[in-house]
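Here is the structure we will look at.
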Amino acid sequence: MKHFPIFMALEGRRVVLSGGGEAALAKLRLLLKTEAKLTVVASDAAPEIAAWASTGRLTLINRAMEPGDAICASLFYAANEDAAEDARVADLAHRDGALVNIVDNLADSQFITPAIVDRDPVTVAIGTEGAAPVLARSIKKSLEEQLSPNLGLMARVGKAFRAKVEALPFGAKRRAFWSEYYAADIGDTGVAQNRLEGLLDKHLNAPEREGWVDLVGAGPGDPELLTLKARKALDNADVVIYDRLVAPEILELARREAVMLSAGKEGFGPSVTQDAINEMIVSHARGGAHVVRLKSGDPTVFGRLDEEIEACDASGVKWNIVPGITSASAGVAALGQSLTKRGRNSGVRFITGHDTKGYADHDWKTLAGEGEVAAIYMGKKSARFIQGRLLMHGANPATPVTVIENASRASQRILSTTLSQLEPSLTDAAFDGPALVFLGLAPREALQASEEFEQKEAAS
């Protein structure tokens, strides 16, 4: 983000614009919606600008800009539609201490003016940092159609009522009040006022809300793979308790006012204990909070879900599971493969590389069989152990093995190797992100190349 979006207070403050043509008119039509004190400096101002000046809506100085014209101005617009003149007046405004925007010159502007959806006092600003103005206008058009024309009226009436709403406790109860009010489209001041009075009485007399827990799968990392139900839970959460592997882009989707608590776990490394996580979940829920326990992938796959459910049950806390896309599904999609295939395997195993006691033991003899497919979670640090166990139980050294780091994310990397070369290949790859190991699967391109080679060998 190169431009930080803010809403600047302009009431009673000075804004100066240099220019009198079409570019100046376009900016002035927007600026006239504010309560700023507008000054236009132009020797050839359009008739509309002169008309606005005659009615007192702005001050017009009929000459070219001179030093001192932008003194005490909060903002300055260079809109002369002449590069040399715009550069000259921008330099003068800089010396006068104003923030400068040069119309259609992103590189030399200190700020930009976004596309705006106006439902005063509700304002939606849309910016693309100059990359796609047509897209910004398209988004503006879409929002104009979606947002009720009465939204501004409802906001003004609601603002006047805010002092009374302070009778409700801050947090979830107050949010529920405002959510219910703005859910209706009310186009009359009296009706809106009456609705507010009735809603306040209803919410003041409502019983205390019970807390509850949503055990939510965050998916493998790509925010677009987050389910709609998970997104809704994040949007309504009071407290979010998240795993180390949850992508930052997904955490950004949580409600801004939510308390964000890390519950990081790392295999063979520093971790928040499960008992401490259980205590965090239960204590916040018993305090009346909507808690989202956010887990990477799917909470039902190696997520210690049962322990957290048991803690909730023991404390009388209500809970709900919101499944997510597990990493194996995202990883195999990246390979262009399926987890099962007729004639190859009729089942697939989801196993973990380590458990609470260290490296995890499995039915290695079965896993070593021809055509077996397994998705090995947390298998990066235990790769040499897994490799040794499989080879010891007779697995074919040429069995394809694929390791996917950061599956589904922009930083995704894929290592295609064989069981005999899993180590040292994995160490050499120096993966530092979460990785999933697929036993018995190769990326589609590598598989096709291998089959073509075998066919050639057989023919010769």
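Naming works like this for the structure tokens: A, B, ... for the chains as they're shown, residue 1 at the start of each chain, ligands 1 onward in shown order.
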Inset, instruction - Could you give me the residues within region 81-303 of chain A that DSSP places in strand (DSSP E), as a PyMOL selection string? - result: chain A and resi 99-102+115-119+122-126+212-217+239-242+259-262+290-295
Tell me, as a tab-separated table (two decimals) with all heavy atoms, in the first residue's frame, which residues lie within 8 Å of region 97-107 of chain A, counting only C-alpha atoms; anything in the same chain fewer than 5 positions away does not count.
chain	number	residue	atom	x	y	z
A	23	ALA	N	-10.59	20.04	-15.94
A	23	ALA	CA	-9.98	19.32	-14.83
A	23	ALA	C	-10.29	20.00	-13.50
A	23	ALA	O	-10.57	19.34	-12.49
A	23	ALA	CB	-8.46	19.22	-15.03
A	70	ALA	N	-1.06	29.91	-1.47
A	70	ALA	CA	-1.46	28.67	-0.81
A	70	ALA	C	-1.08	28.65	0.68
A	70	ALA	O	-1.13	27.59	1.31
A	70	ALA	CB	-0.83	27.47	-1.51
A	71	ILE	N	-0.74	29.80	1.24
A	71	ILE	CA	-0.40	29.85	2.66
A	71	ILE	C	-1.62	29.43	3.50
A	71	ILE	O	-2.75	29.84	3.22
A	71	ILE	CB	0.08	31.26	3.06
A	71	ILE	CG1	1.50	31.50	2.52
A	71	ILE	CG2	0.07	31.45	4.58
A	71	ILE	CD1	2.05	32.87	2.80
A	72	CYS	N	-1.38	28.60	4.49
A	72	CYS	CA	-2.40	28.07	5.41
A	72	CYS	C	-3.38	27.09	4.73
A	72	CYS	O	-4.40	26.73	5.33
A	72	CYS	CB	-3.20	29.20	6.06
A	72	CYS	SG	-2.18	30.24	7.15
A	73	ALA	N	-3.08	26.70	3.51
A	73	ALA	CA	-3.96	25.72	2.84
A	73	ALA	C	-3.61	24.31	3.33
A	73	ALA	O	-2.44	23.95	3.44
A	73	ALA	CB	-3.79	25.80	1.33
A	74	SER	N	-4.66	23.51	3.61
A	74	SER	CA	-4.45	22.12	3.98
A	74	SER	C	-4.12	21.29	2.75
A	74	SER	O	-3.25	20.43	2.78
A	74	SER	CB	-5.70	21.56	4.65
A	74	SER	OG	-5.98	22.23	5.85
A	75	LEU	N	-4.83	21.58	1.65
A	75	LEU	CA	-4.65	20.85	0.40
A	75	LEU	C	-4.52	21.83	-0.75
A	75	LEU	O	-5.12	22.92	-0.73
A	75	LEU	CB	-5.83	19.92	0.14
A	75	LEU	CG	-6.17	18.86	1.18
A	75	LEU	CD1	-7.43	18.11	0.77
A	75	LEU	CD2	-5.01	17.90	1.39
A	76	PHE	N	-3.77	21.41	-1.76
A	76	PHE	CA	-3.63	22.23	-2.97
A	76	PHE	C	-3.75	21.32	-4.19
A	76	PHE	O	-3.15	20.24	-4.23
A	76	PHE	CB	-2.28	22.94	-3.01
A	76	PHE	CG	-2.04	23.70	-4.29
A	76	PHE	CD1	-2.56	24.97	-4.46
A	76	PHE	CD2	-1.32	23.12	-5.33
A	76	PHE	CE1	-2.36	25.67	-5.66
A	76	PHE	CE2	-1.12	23.80	-6.52
A	76	PHE	CZ	-1.64	25.08	-6.68
A	77	TYR	N	-4.54	21.76	-5.16
A	77	TYR	CA	-4.70	21.03	-6.42
A	77	TYR	C	-4.15	21.86	-7.57
A	77	TYR	O	-4.53	23.03	-7.75
A	77	TYR	CB	-6.17	20.75	-6.70
A	77	TYR	CG	-6.77	19.66	-5.84
A	77	TYR	CD1	-7.34	19.96	-4.61
A	77	TYR	CD2	-6.76	18.33	-6.27
A	77	TYR	CE1	-7.89	18.96	-3.82
A	77	TYR	CE2	-7.31	17.33	-5.48
A	77	TYR	CZ	-7.87	17.65	-4.26
A	77	TYR	OH	-8.43	16.67	-3.48
A	78	ALA	N	-3.24	21.27	-8.34
A	78	ALA	CA	-2.76	21.87	-9.58
A	78	ALA	C	-3.56	21.26	-10.72
A	78	ALA	O	-3.41	20.08	-11.03
A	78	ALA	CB	-1.27	21.62	-9.76
A	79	ALA	N	-4.44	22.07	-11.33
A	79	ALA	CA	-5.35	21.53	-12.35
A	79	ALA	C	-5.38	22.45	-13.57
A	79	ALA	O	-6.44	22.79	-14.10
A	79	ALA	CB	-6.76	21.38	-11.76
A	81	GLU	N	-3.99	21.74	-16.51
A	81	GLU	CA	-3.93	20.96	-17.75
A	81	GLU	C	-2.76	21.39	-18.63
A	81	GLU	O	-2.81	21.31	-19.85
A	81	GLU	CB	-5.26	21.06	-18.51
A	81	GLU	CG	-6.45	20.58	-17.68
A	81	GLU	CD	-7.78	20.79	-18.37
A	81	GLU	OE1	-7.99	20.20	-19.44
A	81	GLU	OE2	-8.61	21.58	-17.84
A	86	ASP	N	1.55	23.47	-14.16
A	86	ASP	CA	1.26	22.68	-12.98
A	86	ASP	C	2.51	22.49	-12.12
A	86	ASP	O	2.44	22.54	-10.89
A	86	ASP	CB	0.68	21.31	-13.37
A	86	ASP	CG	-0.81	21.39	-13.70
A	86	ASP	OD1	-1.47	22.36	-13.27
A	86	ASP	OD2	-1.31	20.47	-14.39
A	90	ALA	N	2.74	23.96	-8.35
A	90	ALA	CA	2.97	22.95	-7.32
A	90	ALA	C	4.18	23.32	-6.48
A	90	ALA	O	4.18	23.16	-5.25
A	90	ALA	CB	3.17	21.58	-7.96
A	112	ILE	N	-3.71	11.51	-3.36
A	112	ILE	CA	-4.62	11.30	-4.49
A	112	ILE	C	-6.05	11.40	-3.98
A	112	ILE	O	-6.32	11.19	-2.81
A	112	ILE	CB	-4.39	9.93	-5.17
A	112	ILE	CG1	-4.50	8.78	-4.16
A	112	ILE	CG2	-3.05	9.91	-5.87
A	112	ILE	CD1	-4.35	7.41	-4.78
A	130	GLY	N	-3.90	4.89	-8.66
A	130	GLY	CA	-3.68	5.34	-10.02
A	130	GLY	C	-3.52	4.23	-11.03
A	130	GLY	O	-3.36	4.48	-12.23
Inset, instruction - Would you mind listing what lies within 12 Å of Asp201 (chain A) as JSON, numbers by chain, with only C-alpha atoms counted and same-chain residues fewer than 3 positions away left out? - result: {"A": [164, 165, 167, 168, 177, 194, 195, 196, 197, 198, 204, 205, 206]}
Store the residues picked out above in a file with N, CA and C atoms, as a compact mmCIF listing (two decimals), in the first residue's frame.
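New file result_15.txt:
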# COMPACT_ATOMS: atom_id res chain seq x y z
N LYS A 164 -27.75 8.00 23.98
CA LYS A 164 -28.70 7.13 24.68
C LYS A 164 -28.26 5.67 24.62
N VAL A 165 -27.61 5.29 23.52
CA VAL A 165 -27.19 3.90 23.35
C VAL A 165 -26.06 3.52 24.31
N ALA A 167 -26.23 3.50 27.23
CA ALA A 167 -26.84 2.73 28.33
C ALA A 167 -26.60 1.24 28.15
N LEU A 168 -26.32 0.81 26.92
CA LEU A 168 -25.96 -0.58 26.66
C LEU A 168 -24.47 -0.77 26.90
N PHE A 177 -27.29 -4.06 18.75
CA PHE A 177 -28.29 -3.00 18.63
C PHE A 177 -28.15 -2.27 17.29
N ASN A 194 -38.38 6.50 15.98
CA ASN A 194 -39.24 5.57 16.73
C ASN A 194 -38.62 4.17 16.79
N ARG A 195 -37.99 3.75 15.67
CA ARG A 195 -37.37 2.43 15.65
C ARG A 195 -36.21 2.36 16.64
N LEU A 196 -35.43 3.42 16.72
CA LEU A 196 -34.33 3.45 17.66
C LEU A 196 -34.81 3.33 19.10
N GLU A 197 -35.87 4.06 19.44
CA GLU A 197 -36.41 4.02 20.80
C GLU A 197 -36.87 2.60 21.14
N GLY A 198 -37.59 1.98 20.19
CA GLY A 198 -38.10 0.63 20.43
C GLY A 198 -36.97 -0.39 20.55
N LEU A 204 -32.12 -3.28 26.01
CA LEU A 204 -31.86 -3.05 27.44
C LEU A 204 -32.46 -4.17 28.28
N ASN A 205 -33.59 -4.71 27.84
CA ASN A 205 -34.29 -5.73 28.61
C ASN A 205 -33.97 -7.16 28.15
N ALA A 206 -33.09 -7.30 27.18
CA ALA A 206 -32.73 -8.63 26.69
C ALA A 206 -31.84 -9.33 27.71
Legend entry - Shell of 12 Å around Met8 (chain A), only C-alpha atoms, local chain residues under 3 positions omitted, as a ChimeraX atom specification: /A:4-5,11-13,15,34-36,74-75,99,111,113
Legend entry - Members of region 197-313 of chain A assigned alpha helix (DSSP H) by DSSP, as a ChimeraX atom specification: /A:197-204,228-236,248-251,274-286,305-313
Legend entry - Nearest-residue call for Asp432 (chain A), choices A:Ile281, A:Leu199, A:Ala334, A:Ile404, using only C-alpha atoms: A:Ile404
Legend entry - Shortest interatomic distance to Lys232 (chain A) - which of A:Met280, A:Lys140, A:Val322, A:Ala46, counting only C-alpha atoms: A:Val322
Legend entry - 12 Å contact set for Asp188 (chain A), only C-alpha atoms, chain neighbours under 6 positions out, as a PyMOL selection string: chain A and resi 149-157+194-195
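Between CA of Asn62 (chain A) and CA of Ala42 (chain A) lies a distance of 5.3 Å.
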Inset, instruction - For CA of Arg344 (chain A) and CA of Glu372 (chain A), determine how far apart the two atoms are, in Å to one decimal place. - result: 7.8 Å
